[in-house]
Amino acid sequence: MHFFDISKPWTLLAHPGTPAVKKAAEDFLYCINSIRKKSGLSESILMKDHTKTTDVPAIIFSIDDEDSRNRGFAWRAGEDRIEISGKSPRGLSRGIYDFLNALGFSWPSPQTEIIPEHDAKNTSHYALTRTDSCVHRDNSEEPFNRLVLTAGLGVKKMDAWLLWAFRNSTDAVVIPPGKTNLPGSKKAGRKTEQVLARAFLYGLDMEVGGWELSQLVPRNRFLFNKEIFRMEQGRRKRPGNFCPTNPDTIRLIQKEAKKLFTRFPEIQLFHLWPDRNREETWCRCPTCRAFSPVEQNIIGVNAAADILAEIRPDALVSYFELDGEKGEIKSRKNMFSVNPHFDIPGSGWLLAETSRKK
């Protein structure tokens, strides 16, 4: 078994990189210095700018090239030299945390940090669970991990979850558009701006949406036009999605979708999912009965995707799809499916693991 000897006078040589690389390097120092302190070592490991050097022992962070979308990384650990490299700043960050995971660090939740134990015979020796180089040069087929933010969390909790996402190799954060706190809009609030700043610091992609499809059919229309809302047992219902086969519904979706998409000119990916916990609660009017819940959902998202293709041909929209469910209605070319299946209890957040769409 290979050991990382933390008692040696290690020097960390870090690539200047991006704010995310700097944050990962600082977190790496925090982790290593925490176990040094735990082992009774007083001096801390210091970080220097990345330069060509023969100094040993050394921990070297490097970036192979600047392909910002390649998340590949590699690391190898010797007795006096540890090298962690990435194909991009994001790849280097992932490599840093992969090494820390191999050392025994993990963060199951923002409130939980697991610190490794030293060897029973030598308090300065910490075992690496993997001794081989960990290489992911071509990871185009790996899931693209997204942390989906729901309303109701304070800034402090948001920051904690963004750090958790960064440490767990999450690629993007999804922010709901809301009513006033809109990223990129003139009415953007301080809370949203802080989330944006933190997401940038951690190198997370910014996306907009979530369980927002029904927001394109505003609930305040119920008193004046009940026919656009879903039917259940012969009566129109305000909660739980809408009636997607009504032409008035389609026109309203496209009108509201245009407002949403133009509000965020820099966002490349939108998520439009049905009401949370009501994903299969759809319309049972005579026309809609011919379509399954997944088909009704796609009809609604297709209407929004058509508008997005007109005004933002470079952008994409995701739609909700349960495992194994397919329908006869084809989705538009600028759409892809997502199944947000990993719920973190008590957090108000969801980790959506999807195919790698950008």
# chains A, B, ... in the order shown; residues from 1 in each chain; ligands from 1
>>> closest_atom_pairs(of="segment 175-256 of chain A", to="segment 14-34 of chain A", cutoff="10 Å", atoms="only C-alpha atoms", output="Markdown table")
| residue | atom | partner | partner_atom | distance |
| --- | --- | --- | --- | --- |
| A:Arg198 | CA | A:Ala20 | CA | 9.9 |
| A:Ala199 | CA | A:Ala20 | CA | 9.3 |
| A:Phe200 | CA | A:Ala20 | CA | 7.7 |
| A:Leu201 | CA | A:Pro19 | CA | 5.4 |
| A:Tyr202 | CA | A:Ala20 | CA | 4.6 |
| A:Gly203 | CA | A:Ala20 | CA | 5.1 |
| A:Leu204 | CA | A:Ala20 | CA | 8.6 |
>>> residues_around(residues="Arg284 of chain A", least_positions_apart="4", cutoff="7 Å", atoms="only C-alpha atoms", output="PyMOL selection string")
chain A and resi 230-232+288-289
>>> write_last_selection(atoms="N, CA and C atoms", output="CSV table (one decimal), in the first residue's frame")
chain,number,residue,atom,x,y,z
A,230,ARG,N,-55.4,21.9,-16.7
A,230,ARG,CA,-55.7,20.5,-16.9
A,230,ARG,C,-57.1,20.1,-16.4
A,231,MET,N,-57.6,19.1,-16.9
A,231,MET,CA,-58.9,18.6,-16.4
A,231,MET,C,-58.7,17.3,-15.7
A,232,GLU,N,-59.5,17.1,-14.6
A,232,GLU,CA,-59.5,15.9,-13.8
A,232,GLU,C,-60.9,15.6,-13.4
A,288,CYS,N,-56.8,15.4,-24.6
A,288,CYS,CA,-55.5,15.0,-24.0
A,288,CYS,C,-55.5,13.6,-23.6
A,289,ARG,N,-56.6,12.9,-23.5
A,289,ARG,CA,-56.7,11.5,-23.1
A,289,ARG,C,-55.9,10.6,-24.1
>>> select_by_dssp(residues="segment 232-270 of chain A", states="strand (DSSP E or B)", output="list in words")
Glu232, Arg235, Arg236, Leu269 and Phe270 of chain A
>>> residues_around(residues="Gln254 of chain A", least_positions_apart="4", cutoff="12 Å", atoms="only C-alpha atoms", output="count of residues only")
26
>>> residues_around(residues="Asn220 of chain A", least_positions_apart="6", cutoff="12 Å", atoms="only C-alpha atoms", output="PyMOL selection string")
chain A and resi 214+226+228-229+238-239
>>> write_last_selection(atoms="N, CA and C atoms", output="compact mmCIF listing (two decimals), in the first residue's frame")
# COMPACT_ATOMS: atom_id res chain seq x y z
N SER A 214 -44.67 24.97 -15.80
CA SER A 214 -46.00 25.52 -15.51
C SER A 214 -45.98 27.03 -15.33
N LYS A 226 -60.12 29.07 -17.81
CA LYS A 226 -59.92 27.77 -17.19
C LYS A 226 -59.59 26.69 -18.19
N ILE A 228 -57.37 26.41 -20.36
CA ILE A 228 -55.96 26.14 -20.62
C ILE A 228 -55.34 25.30 -19.51
N PHE A 229 -56.11 25.05 -18.46
CA PHE A 229 -55.61 24.25 -17.34
C PHE A 229 -56.08 22.82 -17.46
N ARG A 238 -56.42 24.08 -11.11
CA ARG A 238 -55.32 25.05 -11.18
C ARG A 238 -53.96 24.38 -10.93
N PRO A 239 -53.79 23.57 -9.85
CA PRO A 239 -52.47 22.97 -9.59
C PRO A 239 -52.17 21.83 -10.57
>>> residues_around(residues="Ile84 of chain A", least_positions_apart="5", cutoff="6 Å", atoms="only C-alpha atoms", output="PyMOL selection string")
chain A and resi 61+74-75
>>> closest_residue(among="A:Arg235, A:His2, A:Arg130, A:Arg332", to="Glu79 of chain A", atoms="only C-alpha atoms")
A:His2
>>> atom_distance(atom1="atom CA of Ala290 of chain A", atom2="atom CA of Tyr319 of chain A")
20.3 Å
>>> decode(residues="segment 114-130 of chain A", atoms="all heavy atoms", output="PDB file, in the first residue's frame")
ATOM      1  N   ILE A 114     -15.466  14.197   5.952  1.00  0.00           N
ATOM      2  CA  ILE A 114     -14.771  13.010   6.429  1.00  0.00           C
ATOM      3  C   ILE A 114     -13.279  13.191   6.199  1.00  0.00           C
ATOM      4  O   ILE A 114     -12.828  13.417   5.079  1.00  0.00           O
ATOM      5  CB  ILE A 114     -15.282  11.747   5.711  1.00  0.00           C
ATOM      6  CG1 ILE A 114     -16.763  11.527   6.054  1.00  0.00           C
ATOM      7  CG2 ILE A 114     -14.456  10.525   6.098  1.00  0.00           C
ATOM      8  CD1 ILE A 114     -17.397  10.361   5.335  1.00  0.00           C
ATOM      9  N   ILE A 115     -12.515  13.126   7.285  1.00  0.00           N
ATOM     10  CA  ILE A 115     -11.063  13.304   7.246  1.00  0.00           C
ATOM     11  C   ILE A 115     -10.405  11.939   7.437  1.00  0.00           C
ATOM     12  O   ILE A 115     -10.811  11.166   8.310  1.00  0.00           O
ATOM     13  CB  ILE A 115     -10.612  14.282   8.349  1.00  0.00           C
ATOM     14  CG1 ILE A 115     -11.257  15.652   8.128  1.00  0.00           C
ATOM     15  CG2 ILE A 115      -9.091  14.403   8.389  1.00  0.00           C
ATOM     16  CD1 ILE A 115     -10.947  16.665   9.206  1.00  0.00           C
ATOM     17  N   PRO A 116      -9.397  11.627   6.632  1.00  0.00           N
ATOM     18  CA  PRO A 116      -8.773  10.296   6.728  1.00  0.00           C
ATOM     19  C   PRO A 116      -8.011  10.100   8.032  1.00  0.00           C
ATOM     20  O   PRO A 116      -7.610  11.060   8.698  1.00  0.00           O
ATOM     21  CB  PRO A 116      -7.819  10.277   5.524  1.00  0.00           C
ATOM     22  CG  PRO A 116      -7.524  11.711   5.245  1.00  0.00           C
ATOM     23  CD  PRO A 116      -8.788  12.445   5.563  1.00  0.00           C
ATOM     24  N   GLU A 117      -7.805   8.838   8.364  1.00  0.00           N
ATOM     25  CA  GLU A 117      -7.030   8.469   9.545  1.00  0.00           C
ATOM     26  C   GLU A 117      -5.612   8.099   9.134  1.00  0.00           C
ATOM     27  O   GLU A 117      -5.395   7.507   8.073  1.00  0.00           O
ATOM     28  CB  GLU A 117      -7.688   7.289  10.265  1.00  0.00           C
ATOM     29  CG  GLU A 117      -9.046   7.600  10.875  1.00  0.00           C
ATOM     30  CD  GLU A 117      -8.942   8.581  12.036  1.00  0.00           C
ATOM     31  OE1 GLU A 117      -7.876   8.616  12.693  1.00  0.00           O
ATOM     32  OE2 GLU A 117      -9.929   9.294  12.302  1.00  0.00           O
ATOM     33  N   HIS A 118      -4.651   8.443   9.972  1.00  0.00           N
ATOM     34  CA  HIS A 118      -3.263   8.103   9.672  1.00  0.00           C
ATOM     35  C   HIS A 118      -2.999   6.630   9.951  1.00  0.00           C
ATOM     36  O   HIS A 118      -3.808   5.928  10.575  1.00  0.00           O
ATOM     37  CB  HIS A 118      -2.312   8.983  10.491  1.00  0.00           C
ATOM     38  CG  HIS A 118      -2.543   8.924  11.975  1.00  0.00           C
ATOM     39  ND1 HIS A 118      -2.306   7.799  12.740  1.00  0.00           N
ATOM     40  CD2 HIS A 118      -3.009   9.869  12.835  1.00  0.00           C
ATOM     41  CE1 HIS A 118      -2.596   8.039  14.004  1.00  0.00           C
ATOM     42  NE2 HIS A 118      -3.034   9.287  14.092  1.00  0.00           N
ATOM     43  N   ASP A 119      -1.870   6.169   9.494  1.00  0.00           N
ATOM     44  CA  ASP A 119      -1.457   4.794   9.724  1.00  0.00           C
ATOM     45  C   ASP A 119      -1.274   4.545  11.221  1.00  0.00           C
ATOM     46  O   ASP A 119      -0.786   5.420  11.959  1.00  0.00           O
ATOM     47  CB  ASP A 119      -0.146   4.509   8.974  1.00  0.00           C
ATOM     48  CG  ASP A 119       0.337   3.087   9.171  1.00  0.00           C
ATOM     49  OD1 ASP A 119      -0.376   2.156   8.774  1.00  0.00           O
ATOM     50  OD2 ASP A 119       1.432   2.916   9.737  1.00  0.00           O
ATOM     51  N   ALA A 120      -1.642   3.378  11.665  1.00  0.00           N
ATOM     52  CA  ALA A 120      -1.578   3.069  13.099  1.00  0.00           C
ATOM     53  C   ALA A 120      -0.153   3.098  13.633  1.00  0.00           C
ATOM     54  O   ALA A 120       0.080   3.420  14.805  1.00  0.00           O
ATOM     55  CB  ALA A 120      -2.204   1.698  13.353  1.00  0.00           C
ATOM     56  N   LYS A 121       0.829   2.792  12.777  1.00  0.00           N
ATOM     57  CA  LYS A 121       2.216   2.721  13.231  1.00  0.00           C
ATOM     58  C   LYS A 121       2.978   4.023  13.020  1.00  0.00           C
ATOM     59  O   LYS A 121       4.013   4.236  13.645  1.00  0.00           O
ATOM     60  CB  LYS A 121       2.936   1.581  12.510  1.00  0.00           C
ATOM     61  CG  LYS A 121       2.362   0.204  12.815  1.00  0.00           C
ATOM     62  CD  LYS A 121       3.126  -0.876  12.066  1.00  0.00           C
ATOM     63  CE  LYS A 121       2.571  -2.258  12.373  1.00  0.00           C
ATOM     64  NZ  LYS A 121       3.314  -3.324  11.637  1.00  0.00           N
ATOM     65  N   ASN A 122       2.481   4.875  12.127  1.00  0.00           N
ATOM     66  CA  ASN A 122       3.195   6.113  11.811  1.00  0.00           C
ATOM     67  C   ASN A 122       2.170   7.217  11.574  1.00  0.00           C
ATOM     68  O   ASN A 122       1.427   7.195  10.588  1.00  0.00           O
ATOM     69  CB  ASN A 122       4.076   5.927  10.577  1.00  0.00           C
ATOM     70  CG  ASN A 122       5.028   7.093  10.369  1.00  0.00           C
ATOM     71  OD1 ASN A 122       4.721   8.234  10.712  1.00  0.00           O
ATOM     72  ND2 ASN A 122       6.187   6.801   9.787  1.00  0.00           N
ATOM     73  N   THR A 123       2.123   8.195  12.473  1.00  0.00           N
ATOM     74  CA  THR A 123       1.090   9.233  12.403  1.00  0.00           C
ATOM     75  C   THR A 123       1.271  10.197  11.232  1.00  0.00           C
ATOM     76  O   THR A 123       0.380  10.995  10.958  1.00  0.00           O
ATOM     77  CB  THR A 123       1.071  10.043  13.709  1.00  0.00           C
ATOM     78  OG1 THR A 123       2.360  10.656  13.910  1.00  0.00           O
ATOM     79  CG2 THR A 123       0.723   9.152  14.896  1.00  0.00           C
ATOM     80  N   SER A 124       2.418  10.150  10.551  1.00  0.00           N
ATOM     81  CA  SER A 124       2.623  11.022   9.393  1.00  0.00           C
ATOM     82  C   SER A 124       2.336  10.313   8.076  1.00  0.00           C
ATOM     83  O   SER A 124       2.456  10.920   7.004  1.00  0.00           O
ATOM     84  CB  SER A 124       4.064  11.561   9.374  1.00  0.00           C
ATOM     85  OG  SER A 124       4.990  10.508   9.199  1.00  0.00           O
ATOM     86  N   HIS A 125       1.965   9.057   8.115  1.00  0.00           N
ATOM     87  CA  HIS A 125       1.658   8.285   6.914  1.00  0.00           C
ATOM     88  C   HIS A 125       0.144   8.160   6.727  1.00  0.00           C
ATOM     89  O   HIS A 125      -0.566   7.706   7.625  1.00  0.00           O
ATOM     90  CB  HIS A 125       2.277   6.890   7.000  1.00  0.00           C
ATOM     91  CG  HIS A 125       3.749   6.876   6.728  1.00  0.00           C
ATOM     92  ND1 HIS A 125       4.479   5.712   6.667  1.00  0.00           N
ATOM     93  CD2 HIS A 125       4.630   7.890   6.507  1.00  0.00           C
ATOM     94  CE1 HIS A 125       5.752   6.005   6.420  1.00  0.00           C
ATOM     95  NE2 HIS A 125       5.860   7.323   6.329  1.00  0.00           N
ATOM     96  N   TYR A 126      -0.318   8.581   5.549  1.00  0.00           N
ATOM     97  CA  TYR A 126      -1.733   8.449   5.178  1.00  0.00           C
ATOM     98  C   TYR A 126      -1.820   7.619   3.902  1.00  0.00           C
ATOM     99  O   TYR A 126      -1.185   7.948   2.900  1.00  0.00           O
ATOM    100  CB  TYR A 126      -2.373   9.824   4.981  1.00  0.00           C
ATOM    101  CG  TYR A 126      -2.688  10.523   6.287  1.00  0.00           C
ATOM    102  CD1 TYR A 126      -1.676  11.136   7.023  1.00  0.00           C
ATOM    103  CD2 TYR A 126      -3.981  10.534   6.803  1.00  0.00           C
ATOM    104  CE1 TYR A 126      -1.949  11.757   8.229  1.00  0.00           C
ATOM    105  CE2 TYR A 126      -4.258  11.154   8.011  1.00  0.00           C
ATOM    106  CZ  TYR A 126      -3.241  11.762   8.725  1.00  0.00           C
ATOM    107  OH  TYR A 126      -3.519  12.374   9.926  1.00  0.00           O
ATOM    108  N   ALA A 127      -2.605   6.560   3.974  1.00  0.00           N
ATOM    109  CA  ALA A 127      -2.664   5.623   2.858  1.00  0.00           C
ATOM    110  C   ALA A 127      -3.459   6.193   1.692  1.00  0.00           C
ATOM    111  O   ALA A 127      -4.497   6.835   1.875  1.00  0.00           O
ATOM    112  CB  ALA A 127      -3.293   4.310   3.315  1.00  0.00           C
ATOM    113  N   LEU A 128      -2.969   5.947   0.477  1.00  0.00           N
ATOM    114  CA  LEU A 128      -3.718   6.238  -0.746  1.00  0.00           C
ATOM    115  C   LEU A 128      -4.450   4.972  -1.149  1.00  0.00           C
ATOM    116  O   LEU A 128      -3.833   3.905  -1.298  1.00  0.00           O
ATOM    117  CB  LEU A 128      -2.775   6.683  -1.867  1.00  0.00           C
ATOM    118  CG  LEU A 128      -2.228   8.106  -1.768  1.00  0.00           C
ATOM    119  CD1 LEU A 128      -1.058   8.298  -2.724  1.00  0.00           C
ATOM    120  CD2 LEU A 128      -3.331   9.111  -2.083  1.00  0.00           C
ATOM    121  N   THR A 129      -5.747   5.069  -1.311  1.00  0.00           N
ATOM    122  CA  THR A 129      -6.529   3.874  -1.648  1.00  0.00           C
ATOM    123  C   THR A 129      -6.272   3.407  -3.070  1.00  0.00           C
ATOM    124  O   THR A 129      -6.568   2.272  -3.414  1.00  0.00           O
ATOM    125  CB  THR A 129      -8.031   4.140  -1.474  1.00  0.00           C
ATOM    126  OG1 THR A 129      -8.400   5.261  -2.303  1.00  0.00           O
ATOM    127  CG2 THR A 129      -8.348   4.467  -0.023  1.00  0.00           C
ATOM    128  N   ARG A 130      -5.734   4.296  -3.909  1.00  0.00           N
ATOM    129  CA  ARG A 130      -5.345   3.914  -5.274  1.00  0.00           C
ATOM    130  C   ARG A 130      -3.910   4.374  -5.483  1.00  0.00           C
ATOM    131  O   ARG A 130      -3.579   5.529  -5.214  1.00  0.00           O
ATOM    132  CB  ARG A 130      -6.255   4.563  -6.317  1.00  0.00           C
ATOM    133  CG  ARG A 130      -7.709   4.163  -6.179  1.00  0.00           C
ATOM    134  CD  ARG A 130      -8.510   4.634  -7.402  1.00  0.00           C
ATOM    135  NE  ARG A 130      -8.438   6.060  -7.589  1.00  0.00           N
ATOM    136  CZ  ARG A 130      -9.260   6.935  -6.995  1.00  0.00           C
ATOM    137  NH1 ARG A 130     -10.174   6.507  -6.155  1.00  0.00           N
ATOM    138  NH2 ARG A 130      -9.149   8.230  -7.208  1.00  0.00           N
TER     139      ARG A 130
END
